[in-house]
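As provided, final-v2.cif (mmCIF, C-alpha atoms and all ligand atoms) reads as follows.
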```cif
data_query
#
loop_
_atom_site.label_atom_id
_atom_site.label_comp_id
_atom_site.auth_asym_id
_atom_site.auth_seq_id
_atom_site.Cartn_x
_atom_site.Cartn_y
_atom_site.Cartn_z
CA MET A 1 16.65 59.15 40.49
CA SER A 2 16.96 62.47 38.74
CA VAL A 3 17.58 65.62 40.82
CA SER A 4 17.52 69.40 40.59
CA ILE A 5 20.88 71.20 40.53
CA ASN A 6 21.18 74.28 42.69
CA VAL A 7 24.21 76.45 42.07
CA GLU A 8 24.55 79.31 44.56
CA HIS A 9 27.13 82.08 44.27
CA VAL A 10 29.76 79.78 42.87
CA VAL A 11 33.30 81.07 42.31
CA LYS A 12 36.02 79.44 40.18
CA THR A 13 39.60 80.61 40.25
CA TYR A 14 42.42 78.73 38.54
CA LYS A 15 45.75 78.67 40.37
CA ASP A 16 47.70 80.37 37.57
CA ASN A 17 45.52 83.49 37.83
CA PRO A 18 44.30 83.86 41.42
CA GLU A 19 43.40 87.54 40.98
CA ARG A 20 40.94 86.98 38.16
CA PRO A 21 38.21 84.41 38.75
CA VAL A 22 37.02 82.68 35.60
CA ILE A 23 33.59 82.54 37.27
CA PRO A 24 33.19 85.44 39.72
CA ASP A 25 29.72 84.74 41.20
CA LEU A 26 27.28 82.45 39.46
CA SER A 27 23.88 81.20 40.57
CA VAL A 28 21.43 79.03 38.67
CA GLN A 29 18.67 76.57 39.53
CA ILE A 30 18.31 73.69 37.10
CA LYS A 31 15.02 71.85 37.46
CA ASN A 32 14.56 68.13 37.88
CA GLY A 33 14.22 66.53 34.44
CA GLU A 34 15.09 69.70 32.57
CA PHE A 35 17.24 69.95 29.45
CA PHE A 36 19.38 72.95 30.35
CA THR A 37 21.99 74.40 27.99
CA LEU A 38 25.01 76.57 28.68
CA LEU A 39 25.69 78.66 25.59
CA GLY A 40 28.40 81.22 25.07
CA PRO A 41 31.55 82.12 23.14
CA SER A 42 34.80 80.21 23.48
CA GLY A 43 36.48 80.76 26.84
CA CYS A 44 33.38 82.05 28.69
CA GLY A 45 33.54 79.28 31.28
CA LYS A 46 31.04 76.65 30.09
CA THR A 47 33.34 73.65 30.50
CA THR A 48 34.64 75.09 33.76
CA LEU A 49 31.13 75.17 35.24
CA LEU A 50 30.26 71.72 33.91
CA ARG A 51 33.42 70.26 35.44
CA MET A 52 32.54 71.86 38.79
CA ILE A 53 29.16 70.10 38.69
CA ALA A 54 30.91 66.86 37.74
CA GLY A 55 33.54 67.15 40.46
CA PHE A 56 36.60 67.47 38.21
CA ASN A 57 37.17 71.10 39.23
CA SER A 58 37.53 72.49 42.73
CA ILE A 59 34.99 75.12 43.86
CA GLU A 60 36.52 78.29 45.34
CA GLY A 61 33.31 79.74 46.75
CA GLY A 62 29.57 79.12 47.00
CA THR A 63 27.78 75.80 46.85
CA ILE A 64 26.46 73.29 44.36
CA ALA A 65 23.65 71.03 45.59
CA PHE A 66 21.77 68.10 44.06
CA ASP A 67 18.30 68.73 45.48
CA SER A 68 19.26 69.88 48.96
CA LEU A 69 22.47 67.83 49.27
CA VAL A 70 25.57 70.03 48.96
CA ILE A 71 28.08 68.14 46.82
CA ASN A 72 31.11 70.47 47.00
CA ASP A 73 33.15 67.90 48.92
CA ILE A 74 31.80 64.74 47.35
CA PRO A 75 34.39 63.24 44.97
CA ALA A 76 33.49 62.89 41.30
CA HIS A 77 33.11 59.11 41.30
CA LYS A 78 30.54 59.29 44.11
CA ARG A 79 28.33 61.92 42.46
CA ASN A 80 26.41 59.49 40.24
CA ILE A 81 26.81 61.46 37.05
CA GLY A 82 26.81 60.41 33.40
CA MET A 83 29.11 62.36 31.10
CA VAL A 84 29.50 62.67 27.35
CA PHE A 85 32.38 64.65 25.86
CA GLN A 86 33.35 66.00 22.49
CA SER A 87 35.78 63.13 21.96
CA TYR A 88 33.85 59.87 21.98
CA ALA A 89 35.99 58.36 24.74
CA VAL A 90 34.84 54.81 24.09
CA PHE A 91 37.16 51.89 24.81
CA PRO A 92 38.61 50.89 21.42
CA HIS A 93 39.34 47.26 22.41
CA LEU A 94 35.79 46.55 23.66
CA THR A 95 32.74 45.90 21.50
CA VAL A 96 29.80 48.25 21.62
CA ARG A 97 27.99 45.97 24.05
CA GLN A 98 31.05 45.56 26.27
CA ASN A 99 31.52 49.34 26.31
CA VAL A 100 27.97 49.81 27.53
CA GLU A 101 28.26 46.99 30.09
CA TYR A 102 31.45 48.36 31.59
CA GLY A 103 29.95 50.81 34.08
CA LEU A 104 27.47 48.23 35.31
CA LYS A 105 30.18 45.58 35.78
CA ILE A 106 32.30 47.81 37.97
CA ARG A 107 29.15 48.55 39.97
CA LYS A 108 28.70 44.79 40.36
CA ILE A 109 25.19 44.74 38.94
CA GLU A 110 23.75 41.24 38.88
CA LYS A 111 23.85 39.43 35.53
CA SER A 112 20.19 39.33 34.51
CA GLU A 113 19.56 42.94 35.46
CA LEU A 114 22.74 43.94 33.63
CA LYS A 115 21.59 42.24 30.46
CA GLN A 116 18.17 43.83 30.65
CA ARG A 117 19.53 47.33 31.22
CA VAL A 118 22.08 47.06 28.41
CA ASP A 119 19.44 45.74 25.99
CA GLU A 120 17.15 48.60 26.91
CA VAL A 121 19.77 51.29 26.41
CA LEU A 122 21.16 49.85 23.16
CA LYS A 123 17.62 50.01 21.86
CA SER A 124 16.84 53.53 23.04
CA VAL A 125 19.96 55.01 21.44
CA LYS A 126 19.45 52.82 18.34
CA ILE A 127 22.75 50.91 18.25
CA GLU A 128 21.41 47.37 18.83
CA GLU A 129 22.48 46.24 15.40
CA TYR A 130 26.11 47.23 16.00
CA GLN A 131 26.41 45.73 19.47
CA ASP A 132 29.11 43.19 18.54
CA ARG A 133 31.27 45.61 16.57
CA LEU A 134 34.43 47.31 17.72
CA PRO A 135 34.20 51.14 17.81
CA GLU A 136 36.72 51.53 14.97
CA ARG A 137 34.11 50.10 12.63
CA LEU A 138 31.51 52.71 13.59
CA SER A 139 30.86 56.20 12.23
CA GLY A 140 31.37 59.23 14.46
CA GLY A 141 27.65 59.51 15.11
CA GLN A 142 27.41 55.85 16.05
CA GLN A 143 30.39 56.16 18.39
CA GLN A 144 28.76 59.13 20.05
CA ARG A 145 25.62 57.04 20.54
CA VAL A 146 27.79 54.44 22.31
CA ALA A 147 29.17 57.17 24.56
CA LEU A 148 25.62 58.33 25.33
CA ALA A 149 24.49 54.76 26.04
CA ARG A 150 27.43 54.28 28.40
CA ALA A 151 26.57 57.46 30.25
CA ILE A 152 22.88 56.68 30.79
CA VAL A 153 23.04 52.92 31.45
CA ILE A 154 24.27 53.56 35.00
CA HIS A 155 21.03 55.46 35.73
CA PRO A 156 22.81 58.64 36.78
CA GLN A 157 21.07 61.44 38.68
CA VAL A 158 22.43 63.99 36.24
CA LEU A 159 23.64 63.85 32.63
CA LEU A 160 26.39 66.28 31.62
CA MET A 161 27.35 66.79 27.98
CA ASP A 162 30.19 68.97 26.73
CA GLU A 163 29.87 69.75 23.01
CA PRO A 164 29.05 66.12 22.22
CA LEU A 165 28.25 66.84 18.58
CA SER A 166 31.05 69.16 17.56
CA ASN A 167 33.09 66.42 15.86
CA LEU A 168 30.22 65.38 13.63
CA ASP A 169 29.31 66.72 10.20
CA ALA A 170 26.38 69.12 9.89
CA LYS A 171 23.75 66.60 8.79
CA LEU A 172 24.65 64.10 11.49
CA ARG A 173 24.65 66.83 14.12
CA ILE A 174 21.03 67.63 13.33
CA GLU A 175 20.08 63.96 13.39
CA MET A 176 21.95 63.33 16.66
CA ARG A 177 20.52 66.34 18.42
CA SER A 178 17.01 64.99 18.08
CA ALA A 179 18.25 61.55 19.14
CA ILE A 180 19.75 63.06 22.31
CA ARG A 181 16.62 65.07 22.97
CA ASP A 182 14.38 62.00 22.54
CA VAL A 183 16.46 59.83 24.85
CA GLN A 184 16.63 62.61 27.46
CA LYS A 185 12.85 63.05 27.47
CA GLN A 186 12.26 59.33 27.47
CA ILE A 187 14.31 58.78 30.63
CA GLY A 188 13.49 62.20 32.11
CA ILE A 189 16.99 62.91 33.33
CA THR A 190 18.22 66.35 34.40
CA THR A 191 20.69 67.33 31.69
CA VAL A 192 23.25 70.10 31.43
CA TYR A 193 24.43 70.51 27.87
CA VAL A 194 27.27 72.73 26.69
CA THR A 195 27.52 74.14 23.21
CA HIS A 196 28.65 77.24 21.41
CA ASP A 197 26.32 76.47 18.52
CA GLN A 198 23.29 78.69 18.98
CA GLU A 199 21.06 76.85 16.56
CA GLU A 200 21.76 73.59 18.39
CA ALA A 201 20.92 75.28 21.69
CA LEU A 202 17.62 76.63 20.34
CA ALA A 203 16.67 73.25 18.91
CA ILE A 204 17.44 71.04 21.88
CA SER A 205 16.85 72.97 25.14
CA ASP A 206 14.04 73.55 27.61
CA ARG A 207 15.99 76.56 28.87
CA ILE A 208 19.23 78.21 27.84
CA ALA A 209 21.72 80.20 29.92
CA VAL A 210 23.73 82.60 27.75
CA MET A 211 27.16 83.20 29.29
CA LYS A 212 29.86 85.78 28.75
CA ASP A 213 33.09 86.08 30.76
CA GLY A 214 31.83 83.71 33.47
CA VAL A 215 28.62 85.69 33.98
CA ILE A 216 25.15 84.50 32.97
CA GLN A 217 23.62 87.19 30.77
CA GLN A 218 20.16 85.68 30.52
CA ILE A 219 18.26 82.49 31.29
CA GLY A 220 15.08 81.63 29.42
CA SER A 221 13.33 79.35 26.97
CA PRO A 222 14.74 79.35 23.42
CA LYS A 223 11.82 81.53 22.34
CA GLU A 224 12.26 84.05 25.16
CA ILE A 225 15.98 84.35 24.54
CA TYR A 226 15.53 84.84 20.79
CA ALA A 227 12.49 87.11 20.81
CA ARG A 228 13.15 89.13 23.96
CA PRO A 229 16.89 89.26 24.67
CA TYR A 230 17.88 90.97 27.91
CA ASN A 231 20.81 92.90 26.43
CA THR A 232 22.56 93.40 23.10
CA PHE A 233 25.16 90.73 23.84
CA VAL A 234 22.33 88.18 23.84
CA SER A 235 20.52 89.78 20.89
CA THR A 236 23.63 89.68 18.72
CA PHE A 237 25.03 86.36 19.97
CA ILE A 238 21.81 84.45 19.26
CA GLY A 239 20.81 84.99 15.67
CA HIS A 240 21.66 88.25 13.93
CA SER A 241 20.52 91.65 15.21
CA ASN A 242 21.03 95.06 13.60
CA LEU A 243 21.64 97.83 16.14
CA PHE A 244 20.52 101.44 15.53
CA TYR A 245 20.80 104.68 17.48
CA GLY A 246 17.42 105.84 18.72
CA THR A 247 15.61 108.36 20.91
CA VAL A 248 12.39 107.88 22.88
CA ARG A 249 9.60 110.33 21.98
CA LYS A 250 6.81 110.56 24.53
CA LYS A 251 3.94 112.73 23.37
CA SER A 252 0.33 111.52 23.25
CA VAL A 253 1.84 108.25 22.05
CA THR A 254 5.23 106.73 22.82
CA SER A 255 7.57 106.07 19.92
CA VAL A 256 11.21 105.51 19.12
CA GLU A 257 12.90 107.74 16.58
CA PHE A 258 15.83 106.65 14.41
CA ALA A 259 18.70 109.07 13.73
CA ASP A 260 17.18 110.09 10.36
CA GLY A 261 13.93 111.13 12.07
CA TYR A 262 11.89 108.04 11.14
CA LYS A 263 9.55 107.15 14.04
CA ILE A 264 7.86 103.92 15.07
CA LYS A 265 4.99 103.83 17.54
CA MET A 266 5.77 101.50 20.44
CA SER A 267 3.16 100.01 22.78
CA ASN A 268 5.42 97.79 24.89
CA LEU A 269 8.13 100.08 26.29
CA GLU A 270 8.54 100.27 30.07
CA ASN A 271 6.52 103.14 31.56
CA SER A 272 9.70 104.60 33.08
CA VAL A 273 11.22 105.61 29.71
CA LYS A 274 11.59 109.37 29.33
CA ASP A 275 10.99 111.74 26.44
CA GLY A 276 14.35 112.37 24.78
CA GLN A 277 16.02 109.30 26.33
CA LYS A 278 18.77 107.86 24.12
CA VAL A 279 18.31 104.17 23.34
CA VAL A 280 19.57 101.41 21.07
CA ILE A 281 17.05 99.78 18.73
CA SER A 282 17.65 96.17 17.75
CA VAL A 283 16.04 94.81 14.60
CA ARG A 284 16.49 91.26 13.34
CA PRO A 285 16.88 90.73 9.56
CA GLU A 286 13.43 89.12 9.34
CA GLU A 287 11.77 91.98 11.25
CA PHE A 288 12.05 94.40 8.31
CA SER A 289 9.66 94.57 5.42
CA ILE A 290 10.02 96.46 2.16
CA SER A 291 7.87 99.56 2.10
CA LYS A 292 7.23 102.84 0.28
CA SER A 293 8.42 104.81 3.26
CA GLY A 294 10.54 103.93 6.27
CA LEU A 295 14.27 103.64 6.79
CA LYS A 296 16.18 104.48 3.64
CA CYS A 297 19.15 102.26 2.82
CA LYS A 298 21.22 100.91 -0.02
CA ILE A 299 21.74 97.27 -0.86
CA SER A 300 25.43 96.54 -0.91
CA ASN A 301 25.24 92.80 -1.40
CA SER A 302 22.55 90.20 -2.00
CA THR A 303 22.69 86.43 -1.57
CA PHE A 304 19.92 84.17 -2.83
CA LEU A 305 19.43 81.36 -0.31
CA GLY A 306 16.34 79.58 -1.59
CA LYS A 307 13.86 80.18 1.20
CA TYR A 308 14.92 83.79 1.43
CA THR A 309 17.30 86.34 0.03
CA ASN A 310 19.77 87.87 2.42
CA TYR A 311 20.78 91.48 1.81
CA VAL A 312 23.68 93.33 3.35
CA LEU A 313 22.65 96.98 3.73
CA SER A 314 24.35 100.30 4.14
CA PHE A 315 22.77 103.24 5.94
CA GLU A 316 23.78 106.88 6.17
CA ASP A 317 26.43 107.77 8.73
CA GLY A 318 25.17 108.11 12.26
CA MET A 319 22.28 105.66 11.88
CA CYS A 320 23.88 102.43 13.06
CA ILE A 321 25.97 101.51 16.10
CA GLU A 322 29.62 101.26 15.00
CA ASN A 323 31.60 98.03 14.72
CA GLN A 324 28.77 95.68 13.83
CA PRO A 325 29.73 92.75 11.60
CA SER A 326 26.99 93.70 9.09
CA ILE A 327 23.51 95.19 8.75
CA GLU A 328 21.20 92.62 7.21
CA PHE A 329 17.70 92.19 5.88
CA SER A 330 16.26 88.82 4.92
CA GLN A 331 13.45 88.87 2.43
CA ASP A 332 11.11 85.93 2.78
CA LEU A 333 10.61 84.62 -0.77
CA GLY A 334 7.33 82.94 0.16
CA HIS A 335 5.77 86.39 0.03
CA SER A 336 7.75 88.22 -2.60
CA ASP A 337 9.25 87.39 -5.94
CA HIS A 338 11.29 90.49 -6.68
CA ILE A 339 14.98 90.24 -5.85
CA TYR A 340 16.76 93.57 -5.54
CA SER A 341 20.31 93.96 -6.72
CA SER A 342 23.35 95.67 -5.30
CA GLY A 343 23.20 99.44 -5.54
CA ASN A 344 19.38 99.64 -5.27
CA ASP A 345 17.92 102.06 -2.75
CA ILE A 346 15.07 100.63 -0.71
CA TYR A 347 12.86 101.64 2.21
CA LEU A 348 12.42 99.24 5.12
CA GLU A 349 9.81 99.27 7.83
CA PRO A 350 10.67 97.53 11.12
CA ASN A 351 7.93 95.51 12.81
CA SER A 352 7.17 97.44 16.02
CA GLU A 353 5.83 94.38 17.81
CA LYS A 354 8.99 92.37 17.23
CA ILE A 355 11.87 94.81 17.58
CA ASN A 356 13.75 95.30 20.86
CA VAL A 357 14.86 98.51 22.54
CA PHE A 358 17.79 98.72 24.97
CA THR A 359 19.31 101.31 27.27
CA GLU A 360 21.97 103.52 25.70
CA ASP A 361 24.72 101.39 27.32
CA MET A 362 23.07 98.27 25.79
CA GLN A 363 23.06 96.47 29.13
CA ARG A 364 19.30 96.15 29.64
CA SER A 365 16.08 95.80 27.67
CA LEU A 366 13.46 98.56 27.92
CA ILE A 367 10.66 96.31 26.73
CA LYS A 368 8.04 95.61 29.42
CA GLU A 369 8.31 92.35 31.29
CA VAL A 370 11.55 91.11 29.75
CA LYS A 371 13.11 88.96 32.44
CA ARG A 372 16.83 88.42 32.85
CA PHE A 373 16.33 85.13 34.67
CA ALA A 374 13.19 83.24 33.68
N1 LIG B 401 42.93 74.12 33.89
C1 LIG B 401 42.93 75.45 33.65
N2 LIG B 401 43.88 76.26 34.19
C2 LIG B 401 43.86 77.60 33.98
N3 LIG B 401 42.94 78.24 33.23
C3 LIG B 401 41.96 77.50 32.67
C4 LIG B 401 41.91 76.07 32.84
N4 LIG B 401 40.83 75.61 32.17
C5 LIG B 401 40.25 76.68 31.61
N5 LIG B 401 40.91 77.82 31.90
C6 LIG B 401 40.55 79.21 31.49
O1 LIG B 401 39.24 79.47 31.95
C7 LIG B 401 38.48 80.17 30.97
C8 LIG B 401 37.22 79.41 30.65
O2 LIG B 401 37.57 78.19 30.02
P1 LIG B 401 36.51 77.08 29.61
O3 LIG B 401 37.25 75.90 29.12
O4 LIG B 401 35.58 76.88 30.74
O5 LIG B 401 35.75 77.82 28.42
P2 LIG B 401 34.59 77.28 27.45
O6 LIG B 401 33.46 78.24 27.59
O7 LIG B 401 34.32 75.84 27.71
O8 LIG B 401 35.23 77.49 26.00
P3 LIG B 401 35.16 76.57 24.67
O9 LIG B 401 33.87 76.92 23.99
O10 LIG B 401 36.33 77.03 23.88
O11 LIG B 401 35.25 75.14 25.08
C9 LIG B 401 39.41 80.39 29.79
O12 LIG B 401 39.93 81.65 29.85
C10 LIG B 401 40.47 79.33 29.98
O13 LIG B 401 41.69 79.76 29.45
MG MG B 402 34.58 74.09 26.59
#
```
Have the structure of the file written as structure tokens, please.
Ligand SMILES: Nc1ncnc2c1ncn2[C@@H]1O[C@H](COP(=O)(O)OP(=O)(O)OP(=O)(O)O)[C@@H](O)[C@H]1O
Ligand SMILES: [Mg+2]
Amino acid sequence: MSVSINVEHVVKTYKDNPERPVIPDLSVQIKNGEFFTLLGPSGCGKTTLLRMIAGFNSIEGGTIAFDSLVINDIPAHKRNIGMVFQSYAVFPHLTVRQNVEYGLKIRKIEKSELKQRVDEVLKSVKIEEYQDRLPERLSGGQQQRVALARAIVIHPQVLLMDEPLSNLDAKLRIEMRSAIRDVQKQIGITTVYVTHDQEEALAISDRIAVMKDGVIQQIGSPKEIYARPYNTFVSTFIGHSNLFYGTVRKKSVTSVEFADGYKIKMSNLENSVKDGQKVVISVRPEEFSISKSGLKCKISNSTFLGKYTNYVLSFEDGMCIENQPSIEFSQDLGHSDHIYSSGNDIYLEPNSEKINVFTEDMQRSLIKEVKRFA
């Protein structure tokens, strides 16, 4: 049955670059039955880690265990894993049903059980009606369902998926991600899912690990990762975040002061922050509201997007951290009907309960009780 996956101090080095490990030292505990997602930019090592769990990559240090069984030296075909890749990898000359049967036939599963299991899986991934078709007559989404059916029909201990939806169009991706989620919950299988699509990760996961350069930056639920990022890499990689220079002011109350002198009272900063400490303040576009006072800025661009209007803003020099893609404010149109135009000056008030504050080097959150690994 399903297992937990315990990765302890794992190292991956490829032969062509022995001096620079792609994964220098990675530990993570994936719970039995959990939908766990590896999320990070291209080249950060997601596929590398997944292939180590699968047994297609050697492990240069540390251990990977299924429950307490160390699997480092168990060959891939003996690990009892189901895999789904970006390319559908279905056999083109076999019908849908034959594709799904394949893994059971090579495992010599007895005929009546085989039929029952295939029927069950075809139904749960909703491809029963296409069972006698060849894959070439299926859409991309349907082919990916066949690949998923093939992976789960063998009753693997672990399901590994590497960007399974990236070849599908946007609408189908959304449909398929709930299909995958439903099937995973229905059979309760421990799943490691790789994507670089942050919205997909938020929608589908129990927990997400955000990776950069082979190092896990944060592990948490989608909500924890979005609302309370551990560092500015996470806050800017998941959703948009605007970063400002700030200073802690600790008088009778604790506040953070922006470079123009505007102060916000903060009730959730760590007690260890010091008066005068330089910090970075991170505000998401939806955490601003228009006000009569607050941070002064100019609208340099506005885009009407139906549910909200997105504004690109410019602030006076010295307010914002350099080299950000853009500073943005999204105005929820459910609560406002006035759309500002380019060139307008406005005042914005950040929501003190929502914003995040980081150390000056942006490596760590200064908000109380933000956990790096939850
Ligand atoms: N077989 C290999 N030999 C040498 N280097 C490799 C090999 N496979 C991957 N790498 C390198 O390891 C790093 C991580 O690659 P990996 O494929 O794990 O990234 P990824 O996070 O899956 O990226 P993407 O989102 O683009 O799929 C990259 O720098 C890549 O060039
Ligand atoms: Mg990859």
Neighbours of ligand LIG 401 (chain B) at 9 Å or closer, counting all atoms listed in the file: which residues, as a PDB file with C-alpha atoms, in the frame of the given file?
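Listing of result.pdb after writing:
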```pdb
ATOM      1  CA  LYS A  12      36.020  79.440  40.180  1.00  0.00           C
ATOM      2  CA  THR A  13      39.600  80.610  40.250  1.00  0.00           C
ATOM      3  CA  TYR A  14      42.420  78.730  38.540  1.00  0.00           C
ATOM      4  CA  LYS A  15      45.750  78.670  40.370  1.00  0.00           C
ATOM      5  CA  ASP A  16      47.700  80.370  37.570  1.00  0.00           C
ATOM      6  CA  ASN A  17      45.520  83.490  37.830  1.00  0.00           C
ATOM      7  CA  PRO A  21      38.210  84.410  38.750  1.00  0.00           C
ATOM      8  CA  VAL A  22      37.020  82.680  35.600  1.00  0.00           C
ATOM      9  CA  ILE A  23      33.590  82.540  37.270  1.00  0.00           C
ATOM     10  CA  LEU A  38      25.010  76.570  28.680  1.00  0.00           C
ATOM     11  CA  LEU A  39      25.690  78.660  25.590  1.00  0.00           C
ATOM     12  CA  GLY A  40      28.400  81.220  25.070  1.00  0.00           C
ATOM     13  CA  PRO A  41      31.550  82.120  23.140  1.00  0.00           C
ATOM     14  CA  SER A  42      34.800  80.210  23.480  1.00  0.00           C
ATOM     15  CA  GLY A  43      36.480  80.760  26.840  1.00  0.00           C
ATOM     16  CA  CYS A  44      33.380  82.050  28.690  1.00  0.00           C
ATOM     17  CA  GLY A  45      33.540  79.280  31.280  1.00  0.00           C
ATOM     18  CA  LYS A  46      31.040  76.650  30.090  1.00  0.00           C
ATOM     19  CA  THR A  47      33.340  73.650  30.500  1.00  0.00           C
ATOM     20  CA  THR A  48      34.640  75.090  33.760  1.00  0.00           C
ATOM     21  CA  LEU A  49      31.130  75.170  35.240  1.00  0.00           C
ATOM     22  CA  LEU A  50      30.260  71.720  33.910  1.00  0.00           C
ATOM     23  CA  ARG A  51      33.420  70.260  35.440  1.00  0.00           C
ATOM     24  CA  ASN A  57      37.170  71.100  39.230  1.00  0.00           C
ATOM     25  CA  ASP A 162      30.190  68.970  26.730  1.00  0.00           C
ATOM     26  CA  GLU A 163      29.870  69.750  23.010  1.00  0.00           C
ATOM     27  CA  VAL A 194      27.270  72.730  26.690  1.00  0.00           C
ATOM     28  CA  THR A 195      27.520  74.140  23.210  1.00  0.00           C
ATOM     29  CA  HIS A 196      28.650  77.240  21.410  1.00  0.00           C
ATOM     30  CA  MET A 211      27.160  83.200  29.290  1.00  0.00           C
ATOM     31  CA  LYS A 212      29.860  85.780  28.750  1.00  0.00           C
ATOM     32  CA  ASP A 213      33.090  86.080  30.760  1.00  0.00           C
ATOM     33  CA  GLY A 214      31.830  83.710  33.470  1.00  0.00           C
TER      34      GLY A 214
END
```
query = For Pro164 in chain A, which residue out of A:Val192, A:Val253, A:Val125, A:Val84 is the nearest one, using only C-alpha atoms?
reply = A:Val84
query = Within 10 Å of (30.2, 90.4, 14.0), all atoms listed in the file: residues as a ChimeraX atom specification?
reply = /A:236-237,240-241,323-327
Expected file contents, prior selection, C-alpha atoms, as an mmCIF file, in the coordinates of the input:
```cif
data_model
loop_
_atom_site.group_PDB
_atom_site.id
_atom_site.type_symbol
_atom_site.label_atom_id
_atom_site.label_comp_id
_atom_site.auth_asym_id
_atom_site.auth_seq_id
_atom_site.Cartn_x
_atom_site.Cartn_y
_atom_site.Cartn_z
ATOM 1 C CA THR A 236 23.630 89.680 18.720
ATOM 2 C CA PHE A 237 25.030 86.360 19.970
ATOM 3 C CA HIS A 240 21.660 88.250 13.930
ATOM 4 C CA SER A 241 20.520 91.650 15.210
ATOM 5 C CA ASN A 323 31.600 98.030 14.720
ATOM 6 C CA GLN A 324 28.770 95.680 13.830
ATOM 7 C CA PRO A 325 29.730 92.750 11.600
ATOM 8 C CA SER A 326 26.990 93.700 9.090
ATOM 9 C CA ILE A 327 23.510 95.190 8.750
#
```
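Non-sequential neighbours of range 144-150 of chain A (distance at most 7 Å, separation of 4 or more positions within a chain, all atoms listed in the file) are Val84, Tyr88, Ala89, Val90, Val96, Asn99, Val100, Val121, Leu122, Val125 and Gly140 of chain A.
Excluding Lys250 in chain A itself and any same-chain residue fewer than 2 positions from it, the protein and nucleic acid residues within 8 Å of it, counting all atoms listed in the file, are Val248, Ser252, Val253, Thr254, Ser255, Lys274, Asp275 and Gly276 of chain A.
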Range 131-232 of chain A residues near range 353-361 of chain A within 8 Å, closest pair each, using all atoms listed in the file, as JSON lines:
```
{"residue": "A:Ala227", "atom": "CA", "partner": "A:Lys354", "partner_atom": "CA", "distance": 7.3}
{"residue": "A:Arg228", "atom": "CA", "partner": "A:Asn356", "partner_atom": "CA", "distance": 6.9}
{"residue": "A:Pro229", "atom": "CA", "partner": "A:Asn356", "partner_atom": "CA", "distance": 7.8}
{"residue": "A:Asn231", "atom": "CA", "partner": "A:Phe358", "partner_atom": "CA", "distance": 6.7}
{"residue": "A:Thr232", "atom": "CA", "partner": "A:Phe358", "partner_atom": "CA", "distance": 7.4}
```
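If you measure from each of A:Glu316, A:Ser289, A:Leu305, A:Ala209 to Ala259 in chain A using only C-alpha atoms, the closest one turns out to be A:Glu316.
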Export C-alpha atoms of range 55-73 of chain A from the structure just given, as a PDB file, in the first residue's frame?
```pdb
ATOM      1  CA  GLY A  55      15.429   5.103  -9.231  1.00  0.00           C
ATOM      2  CA  PHE A  56      16.447   6.562 -12.600  1.00  0.00           C
ATOM      3  CA  ASN A  57      19.191   8.703 -11.031  1.00  0.00           C
ATOM      4  CA  SER A  58      22.013   7.559  -8.789  1.00  0.00           C
ATOM      5  CA  ILE A  59      22.205   9.062  -5.277  1.00  0.00           C
ATOM      6  CA  GLU A  60      25.613  10.489  -4.325  1.00  0.00           C
ATOM      7  CA  GLY A  61      24.910  10.947  -0.622  1.00  0.00           C
ATOM      8  CA  GLY A  62      22.203  10.561   2.002  1.00  0.00           C
ATOM      9  CA  THR A  63      19.253   8.191   1.933  1.00  0.00           C
ATOM     10  CA  ILE A  64      15.766   7.890   0.522  1.00  0.00           C
ATOM     11  CA  ALA A  65      13.412   5.555   2.383  1.00  0.00           C
ATOM     12  CA  PHE A  66       9.852   4.360   1.754  1.00  0.00           C
ATOM     13  CA  ASP A  67       8.565   4.195   5.331  1.00  0.00           C
ATOM     14  CA  SER A  68      11.680   2.837   7.029  1.00  0.00           C
ATOM     15  CA  LEU A  69      13.009   0.839   4.051  1.00  0.00           C
ATOM     16  CA  VAL A  70      16.038   2.532   2.477  1.00  0.00           C
ATOM     17  CA  ILE A  71      15.655   2.246  -1.294  1.00  0.00           C
ATOM     18  CA  ASN A  72      18.966   3.741  -2.493  1.00  0.00           C
ATOM     19  CA  ASP A  73      20.115   0.408  -3.912  1.00  0.00           C
TER      20      ASP A  73
END
```
